[in-house]
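Asker: What follows is the file work24.tsv, containing TSV, C-alpha atoms and all ligand atoms:
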```tsv
chain	number	residue	atom	x	y	z
A	998	MET	CA	-9.50	-16.85	0.72
A	999	ARG	CA	-7.69	-13.53	0.49
A	1000	ARG	CA	-8.69	-11.33	-2.44
A	1001	LYS	CA	-5.66	-10.13	-4.37
A	1002	LEU	CA	-5.01	-6.39	-4.35
A	1003	ALA	CA	-3.19	-4.26	-6.91
A	1004	ALA	CA	-2.53	-0.86	-5.35
A	1005	GLY	CA	-1.01	2.08	-7.17
A	1006	ASN	CA	0.74	4.84	-5.27
A	1007	TRP	CA	1.15	7.90	-7.48
A	1008	LYS	CA	3.24	9.66	-4.80
A	1009	MET	CA	3.74	13.39	-5.66
A	1010	ASN	CA	2.95	12.90	-9.32
A	1011	GLY	CA	-0.02	13.72	-11.47
A	1012	GLY	CA	-2.38	16.56	-12.28
A	1013	SER	CA	-5.38	17.11	-14.50
A	1014	ALA	CA	-3.52	15.78	-17.53
A	1015	GLU	CA	-2.83	12.43	-15.90
A	1016	LEU	CA	-6.49	11.79	-15.16
A	1017	THR	CA	-6.73	10.39	-18.69
A	1018	GLU	CA	-4.59	7.47	-17.49
A	1019	ILE	CA	-7.53	6.35	-15.39
A	1020	ARG	CA	-9.81	6.26	-18.40
A	1021	HIS	CA	-7.22	4.20	-20.25
A	1022	LEU	CA	-6.85	1.85	-17.28
A	1023	THR	CA	-10.55	1.16	-16.94
A	1024	GLY	CA	-10.52	0.24	-20.63
A	1025	VAL	CA	-7.94	-2.52	-20.23
A	1026	LEU	CA	-9.13	-4.29	-17.07
A	1027	PRO	CA	-9.42	-8.10	-17.20
A	1028	ASP	CA	-12.84	-9.75	-16.97
A	1029	SER	CA	-12.30	-10.92	-13.40
A	1030	PRO	CA	-10.00	-8.29	-11.94
A	1031	PRO	CA	-8.43	-8.44	-8.51
A	1032	ASP	CA	-9.21	-5.60	-6.11
A	1033	ILE	CA	-7.73	-2.44	-7.64
A	1034	LEU	CA	-6.76	0.67	-5.72
A	1035	ILE	CA	-5.21	3.94	-6.81
A	1036	CYS	CA	-3.80	6.42	-4.32
A	1037	PRO	CA	-3.32	9.67	-6.26
A	1038	PRO	CA	-2.32	12.97	-4.71
A	1039	ALA	CA	-5.21	14.11	-2.51
A	1040	THR	CA	-5.88	16.96	-4.95
A	1041	LEU	CA	-7.03	14.44	-7.55
A	1042	ILE	CA	-9.19	12.05	-5.51
A	1043	ASP	CA	-12.47	13.81	-6.13
A	1044	ARG	CA	-11.96	14.28	-9.88
A	1045	MET	CA	-10.64	10.76	-10.23
A	1046	ARG	CA	-13.81	9.48	-8.56
A	1047	SER	CA	-15.81	11.13	-11.36
A	1048	GLN	CA	-13.56	9.66	-14.06
A	1049	ILE	CA	-13.82	6.11	-12.75
A	1050	GLY	CA	-17.58	5.85	-13.00
A	1051	ASP	CA	-18.72	2.27	-12.42
A	1052	ALA	CA	-15.29	0.68	-12.91
A	1053	PRO	CA	-14.14	-1.49	-9.97
A	1054	VAL	CA	-11.36	0.81	-8.82
A	1055	ALA	CA	-11.10	2.04	-5.22
A	1056	LEU	CA	-9.31	5.25	-4.27
A	1057	GLY	CA	-7.05	6.00	-1.35
A	1058	GLY	CA	-4.94	8.69	0.25
A	1059	GLN	CA	-1.18	8.57	0.75
A	1060	ASP	CA	-1.21	9.84	4.34
A	1061	CYS	CA	-3.54	11.33	6.92
A	1062	HIS	CA	-3.24	13.29	10.15
A	1063	ASN	CA	-4.07	11.55	13.39
A	1064	LYS	CA	-6.54	14.31	14.35
A	1065	LYS	CA	-9.97	14.69	12.78
A	1066	SER	CA	-9.74	18.45	12.16
A	1067	GLY	CA	-8.14	21.59	13.52
A	1068	ALA	CA	-5.15	23.90	13.24
A	1069	HIS	CA	-2.77	21.66	11.28
A	1070	THR	CA	-1.80	23.64	8.19
A	1071	GLY	CA	-1.14	21.52	5.16
A	1072	ASP	CA	-2.43	18.31	6.68
A	1073	ILE	CA	-5.39	16.19	5.63
A	1074	SER	CA	-7.54	14.13	7.97
A	1075	ALA	CA	-8.93	10.66	7.45
A	1076	ALA	CA	-12.42	12.16	7.49
A	1077	MET	CA	-11.45	14.47	4.62
A	1078	LEU	CA	-10.11	11.55	2.60
A	1079	ARG	CA	-13.32	9.63	3.16
A	1080	ASP	CA	-15.37	12.69	2.21
A	1081	ALA	CA	-13.38	12.98	-1.03
A	1082	GLY	CA	-14.19	9.38	-1.96
A	1083	ALA	CA	-11.27	7.41	-0.50
A	1084	SER	CA	-11.71	4.05	1.19
A	1085	TYR	CA	-8.02	3.30	1.84
A	1086	VAL	CA	-5.02	5.25	3.08
A	1087	ILE	CA	-1.32	4.40	2.87
A	1088	LEU	CA	0.40	4.99	6.20
A	1089	GLY	CA	4.03	4.81	7.29
A	1090	HIS	CA	5.47	4.74	3.77
A	1091	SER	CA	9.26	4.90	4.06
A	1092	GLU	CA	9.23	8.22	2.21
A	1093	ARG	CA	6.99	9.67	4.94
A	1094	ARG	CA	9.12	8.08	7.64
A	1095	ALA	CA	12.26	9.61	6.05
A	1096	ASP	CA	10.95	12.97	4.82
A	1097	HIS	CA	8.68	13.76	7.76
A	1098	GLY	CA	10.29	11.89	10.64
A	1099	GLU	CA	7.29	9.62	11.09
A	1100	THR	CA	7.91	7.13	13.87
A	1101	ASP	CA	6.09	3.87	14.49
A	1102	ALA	CA	4.11	5.62	17.24
A	1103	ILE	CA	2.96	8.31	14.78
A	1104	VAL	CA	2.02	5.68	12.20
A	1105	LYS	CA	0.04	3.84	14.85
A	1106	ALA	CA	-1.88	7.00	15.82
A	1107	LYS	CA	-2.64	7.72	12.17
A	1108	THR	CA	-3.82	4.14	11.68
A	1109	GLU	CA	-6.21	4.52	14.61
A	1110	ALA	CA	-7.51	7.75	13.05
A	1111	ALA	CA	-8.01	6.02	9.70
A	1112	TRP	CA	-9.90	3.16	11.34
A	1113	ALA	CA	-12.12	5.60	13.23
A	1114	GLU	CA	-13.29	6.90	9.83
A	1115	GLY	CA	-13.79	3.46	8.36
A	1116	LEU	CA	-10.74	3.58	6.07
A	1117	THR	CA	-8.60	0.53	5.42
A	1118	ALA	CA	-5.00	1.31	6.36
A	1119	ILE	CA	-2.13	0.04	4.25
A	1120	VAL	CA	0.67	0.06	6.80
A	1121	CYS	CA	4.12	0.04	5.21
A	1122	VAL	CA	7.19	-1.62	6.69
A	1123	GLY	CA	10.63	-2.41	5.32
A	1124	GLU	CA	14.32	-2.37	6.04
A	1125	THR	CA	17.05	-0.13	4.63
A	1126	GLU	CA	19.92	-1.59	2.66
A	1127	THR	CA	22.25	-1.14	5.63
A	1128	GLN	CA	19.86	-3.03	7.86
A	1129	ARG	CA	19.53	-5.87	5.34
A	1130	ASP	CA	23.28	-6.11	4.91
A	1131	ALA	CA	23.58	-6.33	8.70
A	1132	GLY	CA	21.13	-9.26	8.76
A	1133	GLN	CA	18.48	-7.20	10.54
A	1134	ALA	CA	15.66	-7.27	7.98
A	1135	LEU	CA	13.29	-9.50	9.96
A	1136	GLU	CA	14.06	-7.76	13.23
A	1137	VAL	CA	13.32	-4.33	11.70
A	1138	VAL	CA	10.12	-5.50	10.02
A	1139	GLY	CA	8.98	-7.27	13.18
A	1140	ALA	CA	9.47	-4.15	15.29
A	1141	GLN	CA	7.66	-1.96	12.75
A	1142	LEU	CA	4.73	-4.37	12.65
A	1143	ALA	CA	4.54	-4.54	16.43
A	1144	ASP	CA	4.77	-0.80	17.00
A	1145	SER	CA	2.91	0.65	13.97
A	1146	ILE	CA	-0.22	-1.53	14.02
A	1147	PRO	CA	-2.81	-0.86	16.74
A	1148	ALA	CA	-4.32	-3.69	18.78
A	1149	ASP	CA	-7.68	-3.98	17.02
A	1150	ALA	CA	-6.57	-4.97	13.54
A	1151	THR	CA	-9.01	-6.94	11.42
A	1152	VAL	CA	-9.13	-8.50	7.98
A	1153	GLU	CA	-11.16	-5.51	6.78
A	1154	ASN	CA	-9.24	-2.60	8.26
A	1155	LEU	CA	-5.62	-3.65	7.66
A	1156	VAL	CA	-3.35	-4.34	4.72
A	1157	VAL	CA	0.40	-4.59	5.24
A	1158	ALA	CA	2.92	-3.61	2.56
A	1159	TYR	CA	6.47	-4.90	2.73
A	1160	GLU	CA	8.64	-2.38	0.92
A	1161	PRO	CA	12.39	-2.81	1.31
A	1162	VAL	CA	13.60	0.80	1.17
A	1163	TRP	CA	16.49	-0.08	-1.13
A	1164	ALA	CA	14.11	-1.53	-3.75
A	1165	ILE	CA	11.86	1.52	-4.05
A	1166	GLY	CA	12.29	3.32	-7.36
A	1167	THR	CA	15.68	1.69	-7.93
A	1168	GLY	CA	14.83	-1.12	-10.34
A	1169	ARG	CA	16.34	-3.54	-7.82
A	1170	THR	CA	14.23	-6.18	-6.09
A	1171	PRO	CA	14.96	-8.76	-3.41
A	1172	SER	CA	15.26	-12.36	-4.56
A	1173	LEU	CA	12.02	-14.33	-4.57
A	1174	GLU	CA	13.38	-16.30	-1.59
A	1175	GLU	CA	13.98	-13.08	0.34
A	1176	ILE	CA	10.46	-11.85	-0.42
A	1177	ALA	CA	9.03	-15.20	0.70
A	1178	GLN	CA	11.06	-15.15	3.90
A	1179	VAL	CA	9.78	-11.71	4.92
A	1180	HIS	CA	6.17	-12.38	3.91
A	1181	ASP	CA	6.09	-15.71	5.74
A	1182	PHE	CA	7.61	-13.99	8.75
A	1183	MET	CA	4.99	-11.21	8.64
A	1184	ARG	CA	2.15	-13.73	8.42
A	1185	GLY	CA	3.54	-15.51	11.46
A	1186	ALA	CA	4.03	-12.31	13.43
A	1187	LEU	CA	0.45	-11.20	12.72
A	1188	ALA	CA	-0.86	-14.64	13.69
A	1189	ALA	CA	1.01	-14.55	16.98
A	1190	ARG	CA	-0.55	-11.21	17.81
A	1191	PHE	CA	-4.03	-11.28	16.28
A	1192	GLY	CA	-4.74	-15.00	15.97
A	1193	ALA	CA	-4.58	-17.27	12.96
A	1194	ASP	CA	-8.01	-16.36	11.56
A	1195	ALA	CA	-7.48	-12.60	11.46
A	1196	ALA	CA	-3.86	-12.87	10.36
A	1197	GLY	CA	-4.81	-15.39	7.71
A	1198	GLY	CA	-7.12	-12.90	6.05
A	1199	VAL	CA	-4.97	-9.76	6.12
A	1200	ARG	CA	-3.52	-8.98	2.68
A	1201	LEU	CA	0.26	-8.71	2.49
A	1202	LEU	CA	1.54	-6.65	-0.44
A	1203	TYR	CA	5.04	-6.52	-1.84
A	1204	GLY	CA	6.29	-3.10	-2.99
A	1205	GLY	CA	9.52	-1.98	-4.61
A	1206	SER	CA	10.22	-1.82	-8.36
A	1207	VAL	CA	7.27	-4.02	-9.35
A	1208	LYS	CA	6.96	-3.91	-13.14
A	1209	PRO	CA	5.04	-5.86	-15.80
A	1210	GLY	CA	8.22	-7.89	-16.35
A	1211	ASN	CA	8.60	-9.17	-12.78
A	1212	ALA	CA	5.01	-9.10	-11.49
A	1213	THR	CA	4.08	-12.68	-12.36
A	1214	GLU	CA	7.01	-14.25	-10.54
A	1215	ILE	CA	6.58	-12.01	-7.49
A	1216	PHE	CA	2.85	-12.78	-7.30
A	1217	ALA	CA	3.65	-16.50	-7.21
A	1218	VAL	CA	5.64	-16.08	-3.99
A	1219	SER	CA	4.26	-17.48	-0.75
A	1220	ASN	CA	2.06	-15.04	1.17
A	1221	VAL	CA	2.26	-12.30	-1.47
A	1222	ASP	CA	-1.32	-11.12	-1.97
A	1223	GLY	CA	-0.61	-8.32	-4.39
A	1224	ALA	CA	1.56	-5.26	-4.81
A	1225	LEU	CA	1.95	-1.64	-3.85
A	1226	VAL	CA	3.20	-0.14	-7.10
A	1227	GLY	CA	4.84	3.25	-7.45
A	1228	GLY	CA	6.30	4.32	-10.79
A	1229	ALA	CA	4.61	1.64	-12.88
A	1230	SER	CA	1.17	2.68	-11.61
A	1231	LEU	CA	1.45	6.02	-13.39
A	1232	LYS	CA	1.10	4.46	-16.82
A	1233	ALA	CA	-2.18	2.69	-17.54
A	1234	SER	CA	-0.60	0.08	-19.83
A	1235	ASP	CA	2.00	-0.90	-17.20
A	1236	PHE	CA	-0.41	-0.92	-14.28
A	1237	GLY	CA	-2.95	-2.77	-16.40
A	1238	ALA	CA	-0.36	-5.46	-17.14
A	1239	ILE	CA	0.45	-5.80	-13.42
A	1240	ILE	CA	-3.26	-6.08	-12.64
A	1241	ALA	CA	-3.60	-8.76	-15.33
A	1242	ALA	CA	-0.70	-10.70	-13.78
A	1243	LEU	CA	-2.62	-10.76	-10.53
A	1244	ALA	CA	-6.00	-11.70	-12.00
A	1301	LIG	O1	4.50	2.79	-2.75
A	1301	LIG	C1	5.15	2.29	-3.68
A	1301	LIG	C2	6.53	1.93	-3.52
A	1301	LIG	O2	7.26	2.89	-2.84
A	1301	LIG	C3	7.20	1.34	-4.71
A	1301	LIG	O3	7.61	2.34	-5.61
A	1301	LIG	P1	8.24	1.85	-7.02
A	1301	LIG	O4	7.28	0.85	-7.59
A	1301	LIG	O5	8.35	3.10	-7.83
A	1301	LIG	O6	9.55	1.22	-6.69
```
Just give me the structure as structure tokens.
Ligand SMILES: O=C[C@H](O)COP(=O)(O)O
Answerer:
Amino acid sequence: MRRKLAAGNWKMNGGSAELTEIRHLTGVLPDSPPDILICPPATLIDRMRSQIGDAPVALGGQDCHNKKSGAHTGDISAAMLRDAGASYVILGHSERRADHGETDAIVKAKTEAAWAEGLTAIVCVGETETQRDAGQALEVVGAQLADSIPADATVENLVVAYEPVWAIGTGRTPSLEEIAQVHDFMRGALAARFGADAAGGVRLLYGGSVKPGNATEIFAVSNVDGALVGGASLKASDFGAIIAALA
């Protein structure tokens, strides 16, 4: 049985003032919540840890370097994330792939670094609008899965997020049938590579314009085990409603 996961990606948003959102969120959690994760900017992880107290909310980073330490100005290692209180890290988000030229090989190296520090990697995949219009969505997602995920994936160390690039921050979402098609495909691809048991336990998240208004129908889709939420995770009432839809 896969535990559902509601993951919030704050991206490059949030400072001291937004820490109050966490206090509001912990006040509206359902009695039996799914797994909850927030990935704030790295500058906030430590303070957010203090704000959360005993609430069942895990913290994660939004990226890490593939090296443990050294002369890499501006970068953060998986060990540093762990030291700050993170247990997850998002890797290969399309914004990193686009803004920083991250290739599948780089994502794979970062995933190995995350695993070496005991972090669970949320590896992101997803096609552009041009690729979808050309009928290449499954081919693109399949190649990203094959080339971004290292060989020793397990139920504990891997989560996969399907985020069609054209649905991120746009208010547009794929049809429920399209989400099901990609998620079923991903489950099959993972099973072919890692075996049915491991693949059957890896959580598959949908990401891209998830809101309180569409969360329930998306969470009912085959092989959707939760969501990676951007904009709506910044507001406690919205993220709380998405969490409730998953509970
Ligand atoms: O990581 C989160 C995704 O990029 C989705 O962002 P969004 O919910 O703002 O569309």
Asker: Write out as a list in words the residues lying within 9 Å of A:Gly1139, counting all atoms listed in the file and excluding same-chain residues fewer than 2 positions away.
Answerer: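 Final neighbour list, sorted by chain and number: Val1122, Ala1134, Leu1135, Glu1136, Val1137, Gln1141, Leu1142, Ala1143, Asp1144, Phe1182, Met1183 and Ala1186 of chain A.
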Asker: Interatomic distance between atom CA of A:Leu1155 and atom CA of A:Leu1116?
Answerer: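 Distance between the two atoms: 9.0 Å.
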Asker: Could you report the residues within 10 Å of ligand LIG 1301 (chain A), using all atoms listed in the file, as JSON, numbers by chain?
Answerer: {"A": [1004, 1005, 1006, 1007, 1008, 1036, 1059, 1087, 1090, 1091, 1092, 1121, 1158, 1159, 1160, 1161, 1162, 1163, 1164, 1165, 1166, 1167, 1168, 1169, 1170, 1203, 1204, 1205, 1206, 1207, 1208, 1224, 1225, 1226, 1227, 1228, 1229, 1230, 1231]}
Asker: Can you write just those residues out, C-alpha atoms, as a CSV table (one decimal), in the frame of the given file?
Answerer:
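Written file, selection.csv:
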```
chain,number,residue,atom,x,y,z
A,1004,ALA,CA,-2.5,-0.9,-5.4
A,1005,GLY,CA,-1.0,2.1,-7.2
A,1006,ASN,CA,0.7,4.8,-5.3
A,1007,TRP,CA,1.2,7.9,-7.5
A,1008,LYS,CA,3.2,9.7,-4.8
A,1036,CYS,CA,-3.8,6.4,-4.3
A,1059,GLN,CA,-1.2,8.6,0.8
A,1087,ILE,CA,-1.3,4.4,2.9
A,1090,HIS,CA,5.5,4.7,3.8
A,1091,SER,CA,9.3,4.9,4.1
A,1092,GLU,CA,9.2,8.2,2.2
A,1121,CYS,CA,4.1,0.0,5.2
A,1158,ALA,CA,2.9,-3.6,2.6
A,1159,TYR,CA,6.5,-4.9,2.7
A,1160,GLU,CA,8.6,-2.4,0.9
A,1161,PRO,CA,12.4,-2.8,1.3
A,1162,VAL,CA,13.6,0.8,1.2
A,1163,TRP,CA,16.5,-0.1,-1.1
A,1164,ALA,CA,14.1,-1.5,-3.8
A,1165,ILE,CA,11.9,1.5,-4.0
A,1166,GLY,CA,12.3,3.3,-7.4
A,1167,THR,CA,15.7,1.7,-7.9
A,1168,GLY,CA,14.8,-1.1,-10.3
A,1169,ARG,CA,16.3,-3.5,-7.8
A,1170,THR,CA,14.2,-6.2,-6.1
A,1203,TYR,CA,5.0,-6.5,-1.8
A,1204,GLY,CA,6.3,-3.1,-3.0
A,1205,GLY,CA,9.5,-2.0,-4.6
A,1206,SER,CA,10.2,-1.8,-8.4
A,1207,VAL,CA,7.3,-4.0,-9.4
A,1208,LYS,CA,7.0,-3.9,-13.1
A,1224,ALA,CA,1.6,-5.3,-4.8
A,1225,LEU,CA,2.0,-1.6,-3.8
A,1226,VAL,CA,3.2,-0.1,-7.1
A,1227,GLY,CA,4.8,3.2,-7.4
A,1228,GLY,CA,6.3,4.3,-10.8
A,1229,ALA,CA,4.6,1.6,-12.9
A,1230,SER,CA,1.2,2.7,-11.6
A,1231,LEU,CA,1.4,6.0,-13.4
```
Asker: If we count all atoms listed in the file, what is near A:Trp1112 at a cut-off of 10 Å, once residues fewer than 6 positions away on the same chain are taken out, given as a list in words?
Answerer: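 That gives Ala1075, Tyr1085, Val1086, Ala1106, Ala1118, Pro1147, Asp1149, Ala1150, Glu1153, Asn1154 and Leu1155 of chain A.
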Asker: I need every residue sitting at most 10 Å from the point (4.1, -13.8, -2.6) (coordinates as in the file, all atoms listed in the file considered), written as a VMD selection string.
Answerer: chain A and resid 1173 to 1174 1176 to 1181 1201 to 1203 1213 to 1224
Asker: What is the distance, in Å and to one decimal place, between atom CA of A:Arg1020 and atom CA of A:Gln1048?
Answerer: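 Atom CA of A:Gln1048 lies 6.7 Å from atom CA of A:Arg1020.
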Asker: Would you work out the distance separating atom CA of A:Leu1243 from atom CA of A:Val1025, expressed in Å to one decimal?
Answerer: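 Answer for the atom CA of A:Leu1243 to atom CA of A:Val1025 separation: 13.8 Å.
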Asker: Compare A:Arg1000, A:Lys1232, A:Val1120, A:Pro1053 by their minimum atom-to-atom distance to A:Asp1028, counting only C-alpha atoms, and give me the closest one.
Answerer: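 Going through A:Arg1000, A:Lys1232, A:Val1120, A:Pro1053 one by one, the smallest distance to A:Asp1028 is for A:Pro1053.
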Asker: Counting only C-alpha atoms, which residue out of A:Ala1055, A:Ala1233, A:Met1045, A:Leu1002 sits closest to A:Val1156?
Answerer: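 With only C-alpha atoms as the atom set, the closest residue is A:Leu1002.
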Asker: So which residues are close to (-17.0, 9.2, 2.2), meaning at most 12 Å away in the file's coordinates with only C-alpha atoms counted, and can you show them as a PDB file with C-alpha atoms, in the frame of the given file?
Answerer:
```
ATOM      1  CA  ILE A1042      -9.190  12.050  -5.510  1.00  0.00           C
ATOM      2  CA  ASP A1043     -12.470  13.810  -6.130  1.00  0.00           C
ATOM      3  CA  ARG A1046     -13.810   9.480  -8.560  1.00  0.00           C
ATOM      4  CA  ALA A1055     -11.100   2.040  -5.220  1.00  0.00           C
ATOM      5  CA  LEU A1056      -9.310   5.250  -4.270  1.00  0.00           C
ATOM      6  CA  GLY A1057      -7.050   6.000  -1.350  1.00  0.00           C
ATOM      7  CA  ALA A1075      -8.930  10.660   7.450  1.00  0.00           C
ATOM      8  CA  ALA A1076     -12.420  12.160   7.490  1.00  0.00           C
ATOM      9  CA  MET A1077     -11.450  14.470   4.620  1.00  0.00           C
ATOM     10  CA  LEU A1078     -10.110  11.550   2.600  1.00  0.00           C
ATOM     11  CA  ARG A1079     -13.320   9.630   3.160  1.00  0.00           C
ATOM     12  CA  ASP A1080     -15.370  12.690   2.210  1.00  0.00           C
ATOM     13  CA  ALA A1081     -13.380  12.980  -1.030  1.00  0.00           C
ATOM     14  CA  GLY A1082     -14.190   9.380  -1.960  1.00  0.00           C
ATOM     15  CA  ALA A1083     -11.270   7.410  -0.500  1.00  0.00           C
ATOM     16  CA  SER A1084     -11.710   4.050   1.190  1.00  0.00           C
ATOM     17  CA  TYR A1085      -8.020   3.300   1.840  1.00  0.00           C
ATOM     18  CA  GLU A1114     -13.290   6.900   9.830  1.00  0.00           C
ATOM     19  CA  GLY A1115     -13.790   3.460   8.360  1.00  0.00           C
ATOM     20  CA  LEU A1116     -10.740   3.580   6.070  1.00  0.00           C
TER      21      LEU A1116
END
```
